[in-house]
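Chemist: Mind having a look at this structure? Questions to follow.
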Amino acid sequence: MNGRNVVFIKYVESAKVKPAHFDEVIEYTSTNIVSLEFDAQGLIKHLRRHHG
């Protein structure tokens, strides 16, 4: 994908979760990349999530 109507966003999501079957808290961190492709009117045509 390339052109004027494509945007890539890289973000890091992190959380502290306590699953029901564990007694301890688990820290979770993941880096993700999202690509947005827009049409001629500027509306989102495709939204894709890539794992980085």
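Chain labels follow the order of the structure tokens: the first chain is A, the next B, and so on; residue numbering restarts at 1 in every chain, and ligands are counted from 1 in their shown order.
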Excluding Ile33 of chain A and residues on its chain fewer than 6 positions from it, collect all residues at most 7 Å away from it, counting only C-alpha atoms, and give them as a VMD selection string.
Modeler: chain A and resid 8 to 11 49 to 52
Chemist: Could those residues be written to a file, using C-alpha atoms, as a JSON list (two decimals), in the first residue's frame?
Modeler:
```json
[["chain", "number", "residue", "atom", "x", "y", "z"],
["A", 8, "PHE", "CA", 0.15, 3.86, 9.34],
["A", 9, "ILE", "CA", -0.16, 4.18, 13.12],
["A", 10, "LYS", "CA", 2.16, 2.37, 15.52],
["A", 11, "TYR", "CA", 1.10, 2.07, 19.14],
["A", 49, "ARG", "CA", -4.37, -4.36, 12.13],
["A", 50, "HIS", "CA", -0.85, -5.74, 11.89],
["A", 51, "HIS", "CA", 1.10, -7.21, 14.79],
["A", 52, "GLY", "CA", 4.47, -5.54, 15.12]]
```
Chemist: Skipping near chain neighbours, those fewer than 6 positions away, what residues fall within 12 Å of Ala40 of chain A using only C-alpha atoms, listed as number ranges by chain?
Modeler: A: 4-6
Chemist: Which neighbours of Tyr28 of chain A fall inside 9 Å, counting only C-alpha atoms, when residues of the same chain fewer than 5 positions from it are skipped, and could you give them as a ChimeraX atom specification?
Modeler: /A:13-17
Chemist: Write a file of the just-selected residues containing C-alpha atoms, as a compact mmCIF listing (two decimals), in the first residue's frame.
Modeler:
```txt
# COMPACT_ATOMS: atom_id res chain seq x y z
CA GLU A 13 -0.86 -1.35 24.37
CA SER A 14 -0.08 -2.44 27.90
CA ALA A 15 -2.20 -3.74 30.72
CA LYS A 16 -2.08 -5.45 34.06
CA VAL A 17 -4.59 -8.28 34.13
```
Chemist: Pull the strand (DSSP E) assignments for chain A out of DSSP run on the backbone, and list those residues as a PyMOL selection string.
Modeler: chain A and resi 6-17+26-38+44-51
Chemist: What would the file look like if the residues just selected were written as an mmCIF file, in the first residue's frame with N, CA and C atoms?
Modeler:
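As written to disk, out_34.cif reads:
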```cif
data_model
loop_
_atom_site.group_PDB
_atom_site.id
_atom_site.type_symbol
_atom_site.label_atom_id
_atom_site.label_comp_id
_atom_site.auth_asym_id
_atom_site.auth_seq_id
_atom_site.Cartn_x
_atom_site.Cartn_y
_atom_site.Cartn_z
ATOM 1 N N VAL A 6 -3.117 6.692 2.445
ATOM 2 C CA VAL A 6 -2.792 5.612 3.380
ATOM 3 C C VAL A 6 -2.035 6.192 4.573
ATOM 4 N N VAL A 7 -2.411 5.743 5.774
ATOM 5 C CA VAL A 7 -1.763 6.179 7.002
ATOM 6 C C VAL A 7 -1.435 4.948 7.832
ATOM 7 N N PHE A 8 -0.240 4.927 8.422
ATOM 8 C CA PHE A 8 0.152 3.862 9.337
ATOM 9 C C PHE A 8 0.298 4.446 10.734
ATOM 10 N N ILE A 9 -0.240 3.755 11.718
ATOM 11 C CA ILE A 9 -0.162 4.183 13.116
ATOM 12 C C ILE A 9 0.467 3.040 13.917
ATOM 13 N N LYS A 10 1.513 3.362 14.656
ATOM 14 C CA LYS A 10 2.163 2.371 15.521
ATOM 15 C C LYS A 10 1.869 2.753 16.963
ATOM 16 N N TYR A 11 1.406 1.791 17.744
ATOM 17 C CA TYR A 11 1.101 2.069 19.140
ATOM 18 C C TYR A 11 1.442 0.871 20.011
ATOM 19 N N VAL A 12 1.615 1.141 21.282
ATOM 20 C CA VAL A 12 1.917 0.099 22.262
ATOM 21 C C VAL A 12 0.748 0.021 23.229
ATOM 22 N N GLU A 13 0.190 -1.161 23.372
ATOM 23 C CA GLU A 13 -0.855 -1.354 24.366
ATOM 24 C C GLU A 13 -0.274 -2.161 25.514
ATOM 25 N N SER A 14 -0.571 -1.732 26.720
ATOM 26 C CA SER A 14 -0.075 -2.439 27.897
ATOM 27 C C SER A 14 -1.175 -2.492 28.933
ATOM 28 N N ALA A 15 -1.154 -3.556 29.706
ATOM 29 C CA ALA A 15 -2.195 -3.745 30.716
ATOM 30 C C ALA A 15 -1.674 -4.643 31.822
ATOM 31 N N LYS A 16 -2.289 -4.524 32.958
ATOM 32 C CA LYS A 16 -2.076 -5.454 34.059
ATOM 33 C C LYS A 16 -3.396 -6.182 34.253
ATOM 34 N N VAL A 17 -3.364 -7.490 34.067
ATOM 35 C CA VAL A 17 -4.593 -8.282 34.132
ATOM 36 C C VAL A 17 -4.433 -9.399 35.159
ATOM 37 N N ILE A 26 -0.671 -10.376 35.841
ATOM 38 C CA ILE A 26 0.234 -10.539 34.702
ATOM 39 C C ILE A 26 0.303 -9.212 33.950
ATOM 40 N N GLU A 27 1.522 -8.774 33.658
ATOM 41 C CA GLU A 27 1.701 -7.560 32.867
ATOM 42 C C GLU A 27 1.777 -7.940 31.394
ATOM 43 N N TYR A 28 1.028 -7.225 30.577
ATOM 44 C CA TYR A 28 0.914 -7.526 29.153
ATOM 45 C C TYR A 28 1.311 -6.293 28.357
ATOM 46 N N THR A 29 2.215 -6.457 27.403
ATOM 47 C CA THR A 29 2.635 -5.367 26.526
ATOM 48 C C THR A 29 2.717 -5.894 25.098
ATOM 49 N N SER A 30 2.151 -5.137 24.161
ATOM 50 C CA SER A 30 2.170 -5.558 22.769
ATOM 51 C C SER A 30 2.290 -4.331 21.869
ATOM 52 N N THR A 31 3.143 -4.413 20.867
ATOM 53 C CA THR A 31 3.285 -3.346 19.879
ATOM 54 C C THR A 31 2.464 -3.717 18.652
ATOM 55 N N ASN A 32 1.612 -2.808 18.218
ATOM 56 C CA ASN A 32 0.741 -3.065 17.081
ATOM 57 C C ASN A 32 0.879 -1.961 16.047
ATOM 58 N N ILE A 33 0.571 -2.299 14.819
ATOM 59 C CA ILE A 33 0.564 -1.338 13.724
ATOM 60 C C ILE A 33 -0.809 -1.413 13.058
ATOM 61 N N VAL A 34 -1.422 -0.254 12.834
ATOM 62 C CA VAL A 34 -2.717 -0.167 12.168
ATOM 63 C C VAL A 34 -2.527 0.621 10.881
ATOM 64 N N SER A 35 -3.075 0.116 9.786
ATOM 65 C CA SER A 35 -3.036 0.864 8.534
ATOM 66 C C SER A 35 -4.462 1.254 8.158
ATOM 67 N N LEU A 36 -4.616 2.507 7.771
ATOM 68 C CA LEU A 36 -5.905 3.046 7.341
ATOM 69 C C LEU A 36 -5.790 3.468 5.888
ATOM 70 N N GLU A 37 -6.745 3.063 5.080
ATOM 71 C CA GLU A 37 -6.787 3.478 3.692
ATOM 72 C C GLU A 37 -8.085 4.251 3.478
ATOM 73 N N PHE A 38 -7.980 5.428 2.879
ATOM 74 C CA PHE A 38 -9.119 6.319 2.706
ATOM 75 C C PHE A 38 -9.561 6.358 1.248
ATOM 76 N N ILE A 44 -12.880 6.210 5.669
ATOM 77 C CA ILE A 44 -12.040 5.024 5.803
ATOM 78 C C ILE A 44 -12.578 3.923 4.888
ATOM 79 N N LYS A 45 -11.714 3.444 4.003
ATOM 80 C CA LYS A 45 -12.068 2.382 3.062
ATOM 81 C C LYS A 45 -11.658 1.017 3.616
ATOM 82 N N HIS A 46 -10.438 0.925 4.172
ATOM 83 C CA HIS A 46 -9.924 -0.318 4.770
ATOM 84 C C HIS A 46 -9.208 0.026 6.069
ATOM 85 N N LEU A 47 -9.418 -0.830 7.064
ATOM 86 C CA LEU A 47 -8.733 -0.736 8.352
ATOM 87 C C LEU A 47 -8.088 -2.086 8.601
ATOM 88 N N ARG A 48 -6.767 -2.083 8.692
ATOM 89 C CA ARG A 48 -6.060 -3.345 8.893
ATOM 90 C C ARG A 48 -5.187 -3.254 10.142
ATOM 91 N N ARG A 49 -5.197 -4.318 10.928
ATOM 92 C CA ARG A 49 -4.368 -4.362 12.128
ATOM 93 C C ARG A 49 -3.260 -5.363 11.902
ATOM 94 N N HIS A 50 -2.029 -4.900 12.068
ATOM 95 C CA HIS A 50 -0.848 -5.738 11.891
ATOM 96 C C HIS A 50 -0.147 -5.850 13.245
ATOM 97 N N HIS A 51 0.365 -7.016 13.550
ATOM 98 C CA HIS A 51 1.096 -7.208 14.792
ATOM 99 C C HIS A 51 2.566 -6.890 14.532
#
```
